[in-house]
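Pasted below: work_34.cif, mmCIF, C-alpha atoms.
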data_coords
#
loop_
_atom_site.label_atom_id
_atom_site.label_comp_id
_atom_site.auth_asym_id
_atom_site.auth_seq_id
_atom_site.Cartn_x
_atom_site.Cartn_y
_atom_site.Cartn_z
CA MET A 159 72.17 60.52 205.25
CA LYS A 160 73.29 60.61 201.61
CA THR A 161 71.70 62.53 198.74
CA ALA A 162 71.85 61.24 195.18
CA ALA A 163 73.73 63.16 192.52
CA PHE A 164 71.37 65.22 190.37
CA THR A 165 71.00 68.04 187.88
CA LYS A 166 68.25 70.64 187.66
CA SER A 167 67.54 72.78 184.60
CA TYR A 168 65.04 75.53 183.89
CA HIS A 169 64.00 76.03 180.26
CA ARG A 170 66.82 73.70 179.13
CA ARG A 171 69.39 75.81 180.98
CA LEU A 172 71.38 74.01 183.65
CA ALA A 173 70.79 75.71 187.01
CA LEU A 174 72.36 73.20 189.37
CA SER A 175 74.52 70.10 189.16
CA LEU A 176 75.57 68.37 192.36
CA PRO A 177 77.37 65.14 193.24
CA GLU A 178 76.36 62.80 196.08
CA LEU A 179 76.40 64.67 199.38
CA GLU A 180 76.66 63.50 202.98
CA LEU A 181 74.28 65.17 205.46
CA PRO A 182 75.15 63.90 208.96
CA LYS A 183 72.32 63.43 211.45
CA GLY A 184 72.22 65.75 214.46
CA GLN A 185 74.42 68.26 212.64
CA ILE A 186 73.79 71.58 210.95
CA THR A 187 75.13 71.98 207.44
CA ALA A 188 75.25 75.57 206.21
CA VAL A 189 74.74 76.07 202.48
CA LEU A 190 76.52 79.24 201.37
CA GLY A 191 76.90 80.99 198.08
CA PRO A 192 76.18 84.26 196.28
CA ASN A 193 72.83 85.07 194.65
CA GLY A 194 72.08 82.73 191.76
CA SER A 195 74.46 80.05 193.00
CA GLY A 196 71.62 77.52 193.27
CA LYS A 197 71.03 77.45 197.03
CA SER A 198 67.23 77.72 196.88
CA THR A 199 67.05 75.37 193.89
CA PHE A 200 69.03 72.85 195.94
CA ALA A 201 66.53 73.21 198.80
CA LYS A 202 63.51 72.85 196.51
CA VAL A 203 64.81 69.75 194.74
CA LEU A 204 65.96 68.12 197.97
CA SER A 205 62.58 68.74 199.61
CA GLY A 206 60.68 67.38 196.61
CA ILE A 207 58.96 70.73 195.88
CA GLU A 208 60.60 70.56 192.45
CA ALA A 209 61.77 67.47 190.61
CA ALA A 210 65.33 66.87 189.40
CA ASP A 211 65.86 66.59 185.63
CA ASP A 212 65.68 62.77 185.70
CA LYS A 213 62.53 62.92 187.92
CA GLN A 214 64.20 60.54 190.37
CA PRO A 215 63.92 61.23 194.13
CA ILE A 216 67.08 62.62 195.70
CA LEU A 217 66.34 60.99 199.04
CA THR A 218 64.30 57.89 199.77
CA GLY A 219 62.70 56.70 202.99
CA VAL A 220 63.23 59.90 204.93
CA THR A 221 60.82 62.59 206.09
CA VAL A 222 61.78 66.06 204.89
CA GLY A 223 60.62 69.38 206.29
CA TYR A 224 61.22 72.53 204.25
CA LEU A 225 60.81 76.14 205.31
CA PRO A 226 60.76 78.38 202.22
CA GLN A 227 62.25 81.87 202.18
CA LYS A 228 58.80 83.45 202.26
CA SER A 229 56.63 81.13 204.30
CA PHE A 230 52.88 81.50 203.83
CA PRO A 231 50.75 82.45 206.84
CA PHE A 232 47.45 80.55 206.69
CA ARG A 233 44.22 82.53 207.28
CA MET A 234 43.89 81.75 210.99
CA SER A 235 45.48 82.78 214.29
CA THR A 236 49.23 82.53 214.89
CA GLU A 237 48.74 79.67 217.36
CA LYS A 238 46.44 77.74 214.99
CA ASN A 239 48.99 78.18 212.21
CA ILE A 240 51.61 76.53 214.41
CA LEU A 241 49.22 73.79 215.53
CA GLN A 242 48.57 72.87 211.90
CA ASN A 243 51.87 70.99 212.07
CA GLY A 244 51.31 69.18 215.38
CA LYS A 245 48.68 68.80 218.04
CA ASP A 246 50.79 69.64 221.09
CA PRO A 247 49.70 73.05 222.46
CA GLN A 248 52.42 72.95 225.15
CA ARG A 249 55.17 72.57 222.56
CA ALA A 250 53.58 75.35 220.49
CA ALA A 251 53.54 77.62 223.57
CA ALA A 252 57.17 76.79 224.39
CA LEU A 253 58.28 77.53 220.81
CA MET A 254 56.35 80.81 220.70
CA HIS A 255 57.86 81.80 224.06
CA ALA A 256 61.37 80.99 222.82
CA LEU A 257 60.90 83.34 219.88
CA GLY A 258 58.98 86.01 221.79
CA ILE A 259 55.69 85.74 219.93
CA GLU A 260 53.55 84.26 222.72
CA GLY A 261 51.69 87.59 222.91
CA LEU A 262 50.62 87.17 219.28
CA ALA A 263 49.10 83.69 219.72
CA GLY A 264 45.51 84.81 219.21
CA GLN A 265 46.24 87.37 216.50
CA SER A 266 45.48 86.70 212.86
CA ALA A 267 48.67 85.51 211.17
CA LYS A 268 47.81 87.69 208.17
CA ARG A 269 48.38 90.76 210.33
CA LEU A 270 51.89 89.80 211.48
CA SER A 271 54.88 91.83 210.32
CA GLY A 272 57.59 90.21 208.16
CA GLY A 273 59.78 89.37 211.15
CA GLU A 274 56.85 88.03 213.17
CA THR A 275 55.71 85.88 210.24
CA ALA A 276 59.23 84.46 209.96
CA ARG A 277 59.22 83.59 213.68
CA MET A 278 55.75 82.03 213.43
CA ALA A 279 56.88 79.98 210.40
CA LEU A 280 59.97 78.74 212.25
CA CYS A 281 57.83 77.68 215.24
CA ARG A 282 55.46 75.89 212.82
CA ILE A 283 58.16 73.85 211.08
CA LEU A 284 59.76 72.90 214.44
CA MET A 285 56.49 71.46 215.80
CA ARG A 286 57.33 67.94 214.69
CA PRO A 287 60.53 66.02 213.95
CA TYR A 288 61.80 65.36 210.42
CA ASP A 289 64.75 63.24 209.36
CA LEU A 290 65.97 66.16 207.27
CA LEU A 291 65.03 69.76 207.95
CA ILE A 292 65.79 72.41 205.33
CA LEU A 293 65.58 76.04 206.39
CA ASP A 294 65.93 78.58 203.59
CA GLU A 295 67.18 81.83 205.10
CA PRO A 296 64.93 81.50 208.17
CA THR A 297 66.24 84.64 209.88
CA ALA A 298 66.52 86.97 206.86
CA ALA A 299 63.56 89.10 208.01
CA MET A 300 64.48 89.09 211.72
CA ASP A 301 66.35 91.62 213.84
CA MET A 302 69.55 90.60 215.65
CA GLU A 303 67.83 89.70 218.93
CA SER A 304 65.28 87.46 217.19
CA THR A 305 68.02 86.00 214.99
CA LEU A 306 70.06 84.89 217.99
CA ALA A 307 66.96 83.41 219.68
CA ALA A 308 66.07 81.60 216.45
CA GLU A 309 69.60 80.23 216.07
CA LYS A 310 69.49 78.89 219.65
CA LEU A 311 66.16 77.21 218.93
CA ILE A 312 67.37 75.74 215.63
CA LEU A 313 70.50 74.36 217.30
CA GLU A 314 68.54 72.85 220.22
CA SER A 315 65.93 71.30 217.92
CA CYS A 316 68.60 69.77 215.70
CA ARG A 317 70.45 68.23 218.64
CA GLU A 318 67.27 67.02 220.42
CA GLN A 319 65.60 65.55 217.35
CA GLY A 320 68.81 64.23 215.85
CA CYS A 321 67.81 65.42 212.41
CA ALA A 322 70.12 66.44 209.61
CA LEU A 323 69.62 70.18 209.26
CA LEU A 324 70.41 72.13 206.13
CA LEU A 325 70.64 75.87 206.75
CA ILE A 326 70.64 78.03 203.65
CA THR A 327 72.06 81.40 204.52
CA HIS A 328 73.77 84.49 203.19
CA SER A 329 75.25 85.20 206.58
CA ILE A 330 78.77 83.87 207.07
CA SER A 331 78.69 84.96 210.71
CA GLN A 332 75.53 82.91 211.23
CA ALA A 333 77.17 79.88 209.65
CA LYS A 334 80.20 80.37 211.92
CA ARG A 335 77.92 80.59 214.98
CA ILE A 336 75.85 77.46 214.50
CA ALA A 337 76.99 75.30 211.57
CA ASP A 338 78.90 72.06 212.09
CA ARG A 339 79.57 71.70 208.39
CA ALA A 340 79.53 74.04 205.41
CA LEU A 341 78.91 73.64 201.74
CA VAL A 342 79.71 76.38 199.24
CA LEU A 343 77.91 76.68 195.91
CA HIS A 344 78.79 78.88 192.95
CA SER A 345 77.06 79.16 189.54
CA GLY A 346 75.09 75.98 190.14
CA GLY A 347 78.03 73.83 191.18
CA LEU A 348 79.67 72.63 194.38
CA VAL A 349 82.86 74.54 195.19
CA GLU A 350 83.79 73.10 198.54
CA GLN A 351 82.36 71.15 201.46
CA GLY A 352 83.64 70.01 204.81
CA PRO A 353 83.69 70.78 208.54
CA GLY A 354 82.72 74.36 209.38
CA GLU A 355 86.07 75.26 210.93
CA GLN A 356 87.88 74.19 207.77
CA VAL A 357 85.55 75.67 205.08
CA LEU A 358 84.73 78.87 206.93
CA TYR A 359 88.11 79.62 208.48
CA ALA A 360 90.69 77.92 206.24
CA PRO A 361 89.09 77.32 202.85
CA ARG A 362 91.00 75.30 200.27
CA GLU A 363 89.36 76.77 197.20
CA GLU A 364 90.08 80.24 195.83
CA GLN A 365 86.37 80.81 195.02
CA THR A 366 85.40 80.08 198.63
CA ARG A 367 88.10 82.43 199.88
CA ARG A 368 86.87 85.23 197.63
CA PHE A 369 83.26 84.62 198.67
CA LEU A 370 84.15 84.68 202.38
CA GLU A 371 86.20 87.84 201.95
CA PHE A 372 83.43 89.62 200.08
CA TYR A 373 80.44 88.51 202.20
CA GLY A 374 82.31 88.34 205.48
CA LEU A 375 82.97 92.06 205.55
CA MET B 299 10.29 114.75 188.01
CA GLY B 300 9.91 115.58 191.73
CA SER B 301 6.28 114.46 191.83
CA SER B 302 7.17 111.23 190.00
CA ILE B 303 9.81 110.39 192.61
CA ARG B 304 7.31 111.19 195.41
CA LYS B 305 4.70 108.93 193.79
CA ALA B 306 7.32 106.21 193.33
CA ILE B 307 8.23 106.30 197.03
CA GLU B 308 4.50 106.14 197.92
CA LEU B 309 4.20 103.11 195.62
CA ILE B 310 7.06 101.34 197.42
CA LEU B 311 5.63 102.17 200.85
CA SER B 312 2.11 101.04 199.88
CA ALA B 313 3.44 97.57 198.92
CA ASP B 314 1.83 97.68 195.48
CA PRO B 315 0.94 94.08 194.40
CA GLU B 316 2.45 94.42 190.92
CA LEU B 317 5.63 95.89 192.34
CA LEU B 318 5.84 93.05 194.87
CA ASN B 319 5.32 90.50 192.08
CA ILE B 320 8.16 92.03 190.05
CA LEU B 321 10.43 92.02 193.12
CA ALA B 322 9.55 88.38 193.88
CA THR B 323 10.29 87.30 190.29
CA THR B 324 13.56 89.26 190.33
CA ALA B 325 14.59 87.68 193.62
CA LYS B 326 13.75 84.18 192.35
CA VAL B 327 15.70 84.64 189.10
CA CYS B 328 18.72 86.41 190.56
CA LEU B 329 19.16 84.45 193.79
CA THR B 330 18.75 81.08 192.04
CA SER B 331 21.06 81.93 189.15
CA SER B 332 23.76 83.43 191.40
CA VAL B 333 23.73 80.43 193.76
CA ILE B 334 23.98 78.00 190.80
CA ALA B 335 26.77 80.12 189.31
CA LEU B 336 28.59 79.99 192.64
CA ILE B 337 28.23 76.20 192.93
CA LEU B 338 29.58 75.75 189.38
CA GLY B 339 32.07 78.60 189.35
CA VAL B 340 33.95 78.16 192.63
CA PRO B 341 35.32 74.64 191.95
CA LEU B 342 36.09 75.59 188.33
CA GLY B 343 37.87 78.77 189.44
CA ILE B 344 39.95 76.85 191.98
CA LEU B 345 40.76 74.21 189.35
CA TYR B 346 41.80 76.81 186.76
CA GLY B 347 43.80 78.78 189.32
CA ALA B 348 45.59 75.95 191.13
CA GLY B 349 45.61 73.20 188.50
CA ARG B 350 48.20 72.64 185.80
CA PHE B 351 46.69 70.58 182.99
CA PRO B 352 46.72 70.59 179.18
CA GLY B 353 44.20 73.03 177.73
CA ARG B 354 44.10 75.24 180.84
CA ARG B 355 45.18 78.35 178.95
CA VAL B 356 42.53 77.77 176.27
CA LEU B 357 39.86 77.42 178.97
CA LEU B 358 41.07 80.64 180.62
CA VAL B 359 40.85 82.58 177.34
CA LEU B 360 37.39 81.09 176.74
CA ASN B 361 36.27 82.09 180.23
CA ARG B 362 37.57 85.65 179.80
CA THR B 363 35.70 85.86 176.50
CA LEU B 364 32.50 84.67 178.19
CA MET B 365 32.99 87.24 180.98
CA GLY B 366 32.60 89.94 178.37
CA MET B 367 29.77 88.32 176.43
CA PRO B 368 27.01 90.87 175.68
CA PRO B 369 23.78 89.76 177.43
CA VAL B 370 21.73 90.22 174.26
CA VAL B 371 23.97 87.73 172.45
CA CYS B 372 23.37 85.24 175.26
CA GLY B 373 19.63 85.98 175.06
CA LEU B 374 19.64 85.53 171.28
CA LEU B 375 21.44 82.20 171.60
CA PHE B 376 18.89 80.87 174.11
CA TYR B 377 16.01 82.31 172.08
CA LEU B 378 17.18 80.43 168.98
CA LEU B 379 17.75 77.21 170.93
CA PHE B 380 14.36 77.21 172.66
CA SER B 381 12.08 78.97 170.16
CA GLY B 382 9.75 77.20 167.73
CA VAL B 383 12.59 76.47 165.30
CA GLY B 384 15.23 75.54 167.90
CA PRO B 385 16.42 72.05 168.87
CA PHE B 386 15.00 72.36 172.41
CA ARG B 387 11.54 73.68 171.42
CA HIS B 388 9.81 70.58 172.81
CA LEU B 389 10.87 71.64 176.35
CA HIS B 390 8.54 74.69 176.10
CA LEU B 391 10.86 76.82 178.23
CA LEU B 392 10.81 80.04 176.21
CA PHE B 393 9.27 82.94 178.18
CA THR B 394 9.55 81.08 181.48
CA VAL B 395 11.49 81.81 184.67
CA PRO B 396 13.66 78.62 184.46
CA LEU B 397 15.04 79.69 181.06
CA MET B 398 15.75 83.18 182.42
CA ILE B 399 17.69 81.54 185.26
CA LEU B 400 19.59 79.34 182.80
CA ALA B 401 20.54 82.33 180.63
CA GLN B 402 21.78 84.23 183.67
CA VAL B 403 23.78 81.25 184.89
CA VAL B 404 25.61 81.24 181.53
CA LEU B 405 26.22 84.97 181.85
CA ILE B 406 27.45 85.13 185.44
CA THR B 407 29.27 81.81 186.00
CA PRO B 408 32.33 83.10 184.08
CA ILE B 409 32.47 86.06 186.50
CA VAL B 410 32.66 83.70 189.48
CA VAL B 411 35.25 81.52 187.69
CA GLY B 412 37.35 84.57 186.77
CA THR B 413 37.26 86.06 190.26
CA MET B 414 38.23 82.77 191.87
CA GLU B 415 40.89 81.93 189.27
CA THR B 416 42.65 85.29 189.69
CA PHE B 417 42.79 84.93 193.47
CA VAL B 418 43.78 81.26 193.52
CA ALA B 419 46.47 81.65 190.83
CA ASP B 420 48.01 84.35 192.99
CA THR B 421 47.75 82.47 196.29
CA ALA B 422 48.14 78.77 195.48
CA PRO B 423 51.86 78.59 194.57
CA ALA B 424 53.08 80.12 197.87
CA LEU B 425 50.53 78.18 199.91
CA ARG B 426 51.39 74.92 198.15
CA GLU B 427 55.14 75.42 198.67
CA THR B 428 54.67 76.06 202.40
CA ALA B 429 52.17 73.23 202.88
CA LYS B 430 54.26 70.71 200.92
CA GLY B 431 57.32 71.83 202.86
CA LEU B 432 55.50 70.99 206.08
CA GLY B 433 54.71 67.57 204.64
CA PHE B 434 50.96 68.09 204.22
CA GLY B 435 49.15 65.83 201.76
CA PRO B 436 46.94 67.01 198.86
CA GLY B 437 43.76 66.83 201.01
CA LYS B 438 45.09 69.17 203.69
CA GLN B 439 46.61 71.47 201.05
CA PHE B 440 43.18 71.73 199.39
CA ARG B 441 41.39 72.44 202.71
CA LEU B 442 43.88 75.21 203.49
CA LEU B 443 43.43 76.68 200.02
CA VAL B 444 39.63 76.69 200.39
CA ASN B 445 40.05 78.36 203.79
CA GLU B 446 41.98 81.15 202.07
CA CYS B 447 39.14 81.57 199.56
CA VAL B 448 36.37 82.64 201.95
CA TYR B 449 36.54 86.33 201.06
CA PRO B 450 36.86 85.79 197.28
CA ILE B 451 33.86 83.44 197.42
CA PHE B 452 31.70 86.11 199.07
CA SER B 453 33.08 88.70 196.72
CA ALA B 454 32.43 86.54 193.65
CA TYR B 455 28.88 85.84 194.83
CA LEU B 456 28.05 89.50 195.39
CA LEU B 457 29.59 90.49 192.05
CA SER B 458 27.60 87.82 190.22
CA PHE B 459 24.40 88.78 192.05
CA ALA B 460 24.96 92.45 191.19
CA ARG B 461 25.49 91.54 187.52
CA ALA B 462 22.38 89.32 187.54
CA ILE B 463 20.10 91.91 189.09
CA ALA B 464 21.28 94.68 186.74
CA GLU B 465 21.13 92.53 183.61
CA VAL B 466 18.38 93.25 181.07
CA GLY B 467 19.24 92.00 177.57
CA ALA B 468 19.15 88.25 178.13
CA VAL B 469 16.16 88.13 180.50
CA ALA B 470 14.16 90.42 178.21
CA MET B 471 14.76 88.16 175.19
CA VAL B 472 14.15 84.79 176.83
CA GLY B 473 11.59 85.97 179.40
CA GLY B 474 9.59 88.29 177.19
CA ALA B 475 8.89 90.70 180.09
CA ILE B 476 5.41 89.24 180.60
CA ALA B 477 3.54 91.05 183.41
CA TRP B 478 2.81 88.91 186.49
CA LYS B 479 4.95 86.10 185.02
CA THR B 480 8.47 86.93 183.80
CA ASN B 481 8.79 90.64 184.39
CA VAL B 482 11.86 91.47 186.49
CA MET B 483 12.97 94.91 187.69
CA THR B 484 15.12 95.84 184.71
CA THR B 485 12.64 94.64 182.06
CA ALA B 486 9.77 96.30 183.96
CA ILE B 487 11.62 99.65 183.98
CA MET B 488 11.97 99.36 180.19
CA THR B 489 8.38 98.29 179.64
CA TYR B 490 6.79 100.97 181.83
CA THR B 491 9.07 103.73 180.54
CA ASN B 492 8.14 102.82 176.95
CA ARG B 493 4.48 103.12 177.98
CA GLY B 494 5.10 106.54 179.52
CA SER B 495 4.34 105.20 183.01
CA PHE B 496 7.32 106.54 184.89
CA THR B 497 6.17 106.04 188.50
CA LEU B 498 6.69 102.28 188.65
CA GLY B 499 9.90 102.62 186.62
CA ILE B 500 11.32 105.18 189.06
CA ALA B 501 10.25 103.08 192.05
CA LEU B 502 12.06 100.07 190.61
CA GLY B 503 15.07 102.21 189.73
CA LEU B 504 15.28 103.41 193.33
CA ILE B 505 15.11 99.84 194.63
CA LEU B 506 17.79 98.74 192.15
CA LEU B 507 20.11 101.57 193.19
CA SER B 508 19.51 100.77 196.88
CA LEU B 509 20.34 97.11 196.26
CA SER B 510 23.49 98.08 194.38
CA LEU B 511 24.50 100.32 197.30
CA LEU B 512 23.79 97.50 199.76
CA VAL B 513 25.93 95.03 197.77
CA ASN B 514 28.81 97.49 197.68
CA VAL B 515 28.55 98.26 201.40
CA VAL B 516 28.57 94.53 202.22
CA LEU B 517 31.57 94.05 199.89
CA SER B 518 33.51 96.85 201.57
CA LEU B 519 32.75 95.47 205.03
CA LEU B 520 33.81 91.99 203.96
CA GLN B 521 36.98 93.33 202.40
CA ARG B 522 37.86 95.08 205.64
CA ARG B 523 36.95 92.02 207.73
CA PHE B 524 38.96 89.53 205.68
CA SER B 525 41.96 91.74 205.06
CA GLN B 526 42.61 91.68 208.82
#

What would you get if you wrote out this structure as structure tokens?
Amino acid sequence: MKTAAFTKSYHRRLALSLPELELPKGQITAVLGPNGSGKSTFAKVLSGIEAADDKQPILTGVTVGYLPQKSFPFRMSTEKNILQNGKDPQRAAALMHALGIEGLAGQSAKRLSGGETARMALCRILMRPYDLLILDEPTAAMDMESTLAAEKLILESCREQGCALLLITHSISQAKRIADRALVLHSGGLVEQGPGEQVLYAPREEQTRRFLEFYGL
Amino acid sequence: MGSSIRKAIELILSADPELLNILATTAKVCLTSSVIALILGVPLGILYGAGRFPGRRVLLVLNRTLMGMPPVVCGLLFYLLFSGVGPFRHLHLLFTVPLMILAQVVLITPIVVGTMETFVADTAPALRETAKGLGFGPGKQFRLLVNECVYPIFSAYLLSFARAIAEVGAVAMVGGAIAWKTNVMTTAIMTYTNRGSFTLGIALGLILLSLSLLVNVVLSLLQRRFSQ
């Protein structure tokens, strides 16, 4: 799957400028970069939530699922929230079990804690297959145990559904655990991209090296 | 003072016909106007809160101005429009219940719009981002947004009803406070107090306060119910 080159500006100030990118199916691509590097802007433009400067679609003919950083819990039970994105109660139960929230199925989603809401939101987005799935820091509000369970689920879903998965994360260790490829952004531009073992362990660019040193501590 | 309150309570308990007539007129005016305001105000509030269209900011400023409009100004406007020199004089609506309802609709619809707009403007962006991210179309996004609005709708209704029932300036001007015809609780309190007849005024005041208490209790219960 190939994305078109695009630019995105806010109030006439360039926030992101990216060339064509390859997003292989059945693989997880980690998008890394410091705050303000354009990671979330990339996710929003790619998912169609926000338009690129030229208003042209970045992807055509593909279904895109996007999980924002702060996913919204609808005013209904946890289970009904998940079933909004698919009518298979067995799959919903399996997903909730995988993330340890099966005991919260009947509870109002508005009463869930931050970590529980994040787990519910991940279950909800994984209810049906997309050609491209974009997850914006899906485990940021989770503890380590939930994070590892979520990573396992993300990996399994990506492999089973054969979707291209874009994982936006601050965590270099998370990228090392589950990403097949990595893409590093800095100040709204692409610094480096390639297989995970190359970008994350033997980066070619100085900026990537500095970023990995700083955030990998 | 003590004997007046005792007599007022006796008047309420004895189901005095004039008191019942005033209560019936009040209920007709306030319930009808608040329901109409809700029907008009909820879609407008959602549109102003969730929509992005040219002129939206101007409409919001206009609505906020109308929210603070003094009732007597509203009453004066309707009086001039429907009196013997006004453009709508041939409708013969001055000093009738329908014109009182119309004046109250103009007064309280902006409250419903404002309440809904504030809530929706706060909720819609996050909801829309999540729903669009899941691939939901505009229809499903709208249904989910309306589902979020249940508490604000109740809240807006109760606020508008409370404003309608406590309002005096507009209904006094366009209704004329005519006994057995257009006299509502607030105008009756004024009329009877001016005449020195405090018993009925106190009785109506007690009922008004009780209704206000009831509205606030219901609001608190709803707030607790929907915040869970």

Subject >> Shortest interatomic distance to chain A - which of B:Val448, B:Leu338, B:Val516, B:Leu397, counting only C-alpha atoms >> reply: B:Val448

Report the closest atom pair, with its distance in Å rounded to one decimal, for each residue of chain A that has an atom no farther than 12 Å from chain B; count all atoms listed in the file, sort by chain and then rising residue number, and write it as JSON lines.
{"residue": "A:Ala201", "atom": "CA", "partner": "B:Gly431", "partner_atom": "CA", "distance": 10.2}
{"residue": "A:Lys202", "atom": "CA", "partner": "B:Gly431", "partner_atom": "CA", "distance": 8.9}
{"residue": "A:Val203", "atom": "CA", "partner": "B:Gly431", "partner_atom": "CA", "distance": 11.2}
{"residue": "A:Leu204", "atom": "CA", "partner": "B:Gly431", "partner_atom": "CA", "distance": 10.6}
{"residue": "A:Ser205", "atom": "CA", "partner": "B:Gly431", "partner_atom": "CA", "distance": 6.9}
{"residue": "A:Gly206", "atom": "CA", "partner": "B:Gly431", "partner_atom": "CA", "distance": 8.4}
{"residue": "A:Ile207", "atom": "CA", "partner": "B:Glu427", "partner_atom": "CA", "distance": 6.7}
{"residue": "A:Glu208", "atom": "CA", "partner": "B:Glu427", "partner_atom": "CA", "distance": 9.6}
{"residue": "A:Val220", "atom": "CA", "partner": "B:Gly433", "partner_atom": "CA", "distance": 11.5}
{"residue": "A:Thr221", "atom": "CA", "partner": "B:Gly433", "partner_atom": "CA", "distance": 8.0}
{"residue": "A:Val222", "atom": "CA", "partner": "B:Gly433", "partner_atom": "CA", "distance": 7.2}
{"residue": "A:Gly223", "atom": "CA", "partner": "B:Gly431", "partner_atom": "CA", "distance": 5.4}
{"residue": "A:Tyr224", "atom": "CA", "partner": "B:Gly431", "partner_atom": "CA", "distance": 4.2}
{"residue": "A:Leu225", "atom": "CA", "partner": "B:Gly431", "partner_atom": "CA", "distance": 6.1}
{"residue": "A:Pro226", "atom": "CA", "partner": "B:Thr428", "partner_atom": "CA", "distance": 6.5}
{"residue": "A:Gln227", "atom": "CA", "partner": "B:Thr428", "partner_atom": "CA", "distance": 9.6}
{"residue": "A:Lys228", "atom": "CA", "partner": "B:Ala424", "partner_atom": "CA", "distance": 7.9}
{"residue": "A:Ser229", "atom": "CA", "partner": "B:Thr428", "partner_atom": "CA", "distance": 5.8}
{"residue": "A:Phe230", "atom": "CA", "partner": "B:Leu425", "partner_atom": "CA", "distance": 5.6}
{"residue": "A:Pro231", "atom": "CA", "partner": "B:Leu425", "partner_atom": "CA", "distance": 8.1}
{"residue": "A:Phe232", "atom": "CA", "partner": "B:Leu442", "partner_atom": "CA", "distance": 7.2}
{"residue": "A:Arg233", "atom": "CA", "partner": "B:Glu446", "partner_atom": "CA", "distance": 5.8}
{"residue": "A:Met234", "atom": "CA", "partner": "B:Asn445", "partner_atom": "CA", "distance": 8.8}
{"residue": "A:Ser235", "atom": "CA", "partner": "B:Gln526", "partner_atom": "CA", "distance": 10.8}
{"residue": "A:Asn239", "atom": "CA", "partner": "B:Leu442", "partner_atom": "CA", "distance": 10.5}
{"residue": "A:Ile240", "atom": "CA", "partner": "B:Leu432", "partner_atom": "CA", "distance": 10.7}
{"residue": "A:Leu241", "atom": "CA", "partner": "B:Leu432", "partner_atom": "CA", "distance": 11.7}
{"residue": "A:Gln242", "atom": "CA", "partner": "B:Leu432", "partner_atom": "CA", "distance": 9.2}
{"residue": "A:Asn243", "atom": "CA", "partner": "B:Leu432", "partner_atom": "CA", "distance": 7.0}
{"residue": "A:Gly244", "atom": "CA", "partner": "B:Leu432", "partner_atom": "CA", "distance": 10.4}
{"residue": "A:Gln265", "atom": "CA", "partner": "B:Gln526", "partner_atom": "CA", "distance": 9.5}
{"residue": "A:Ser266", "atom": "CA", "partner": "B:Gln526", "partner_atom": "CA", "distance": 7.0}
{"residue": "A:Ala267", "atom": "CA", "partner": "B:Gln526", "partner_atom": "CA", "distance": 9.0}
{"residue": "A:Lys268", "atom": "CA", "partner": "B:Gln526", "partner_atom": "CA", "distance": 6.6}
{"residue": "A:Arg269", "atom": "CA", "partner": "B:Gln526", "partner_atom": "CA", "distance": 6.0}
{"residue": "A:Leu270", "atom": "CA", "partner": "B:Gln526", "partner_atom": "CA", "distance": 9.8}
{"residue": "A:Ala279", "atom": "CA", "partner": "B:Thr428", "partner_atom": "CA", "distance": 9.2}
{"residue": "A:Leu280", "atom": "CA", "partner": "B:Leu432", "partner_atom": "CA", "distance": 10.9}
{"residue": "A:Cys281", "atom": "CA", "partner": "B:Leu432", "partner_atom": "CA", "distance": 11.6}
{"residue": "A:Arg282", "atom": "CA", "partner": "B:Leu432", "partner_atom": "CA", "distance": 8.3}
{"residue": "A:Ile283", "atom": "CA", "partner": "B:Leu432", "partner_atom": "CA", "distance": 6.3}
{"residue": "A:Leu284", "atom": "CA", "partner": "B:Leu432", "partner_atom": "CA", "distance": 9.6}
{"residue": "A:Met285", "atom": "CA", "partner": "B:Leu432", "partner_atom": "CA", "distance": 9.8}
{"residue": "A:Arg286", "atom": "CA", "partner": "B:Leu432", "partner_atom": "CA", "distance": 9.3}
{"residue": "A:Pro287", "atom": "CA", "partner": "B:Leu432", "partner_atom": "CA", "distance": 10.6}
{"residue": "A:Tyr288", "atom": "CA", "partner": "B:Gly433", "partner_atom": "CA", "distance": 9.4}
{"residue": "A:Asp289", "atom": "CA", "partner": "B:Gly433", "partner_atom": "CA", "distance": 11.9}
{"residue": "A:Leu290", "atom": "CA", "partner": "B:Gly431", "partner_atom": "CA", "distance": 11.2}
{"residue": "A:Leu291", "atom": "CA", "partner": "B:Gly431", "partner_atom": "CA", "distance": 9.5}
{"residue": "A:Ile292", "atom": "CA", "partner": "B:Gly431", "partner_atom": "CA", "distance": 8.8}
{"residue": "A:Leu293", "atom": "CA", "partner": "B:Gly431", "partner_atom": "CA", "distance": 9.9}
{"residue": "A:Asp294", "atom": "CA", "partner": "B:Gly431", "partner_atom": "CA", "distance": 11.0}

**OP:** List the residues matched by the PyMOL selection byres ((chain B and resi 475) around 12) in the displayed structure as a count of residues only, ordered by chain and then by residue number.
**Re:** 32

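For Tyr373 (chain A), the non-local neighbours within 10 Å, defined as residues at least 6 positions apart in the same chain or in other chains and counting all atoms listed in the file, are Gly191, Pro192, His328, Ser329, Ile330 and Ser331 of chain A.
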
Subject >> Distance query Ile259 (chain A) at most 10 Å, only C-alpha atoms, self and fewer than 5 positions along chain excluded, as a list in words >> reply: Thr236, Glu237, Ala251, Leu253, Met254, Glu274, Thr275, Arg277, Met278 and Cys281 of chain A

Suppose we keep C-alpha atoms; can you now write the selection as a short mmCIF file (atom, residue, chain, number, x, y, z; two decimals), in the coordinates of the input?
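Okay, this is what ended up in part-v9.cif:
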data_model
loop_
_atom_site.label_atom_id
_atom_site.label_comp_id
_atom_site.auth_asym_id
_atom_site.auth_seq_id
_atom_site.Cartn_x
_atom_site.Cartn_y
_atom_site.Cartn_z
CA THR A 236 49.23 82.53 214.89
CA GLU A 237 48.74 79.67 217.36
CA ALA A 251 53.54 77.62 223.57
CA LEU A 253 58.28 77.53 220.81
CA MET A 254 56.35 80.81 220.70
CA GLU A 274 56.85 88.03 213.17
CA THR A 275 55.71 85.88 210.24
CA ARG A 277 59.22 83.59 213.68
CA MET A 278 55.75 82.03 213.43
CA CYS A 281 57.83 77.68 215.24
#
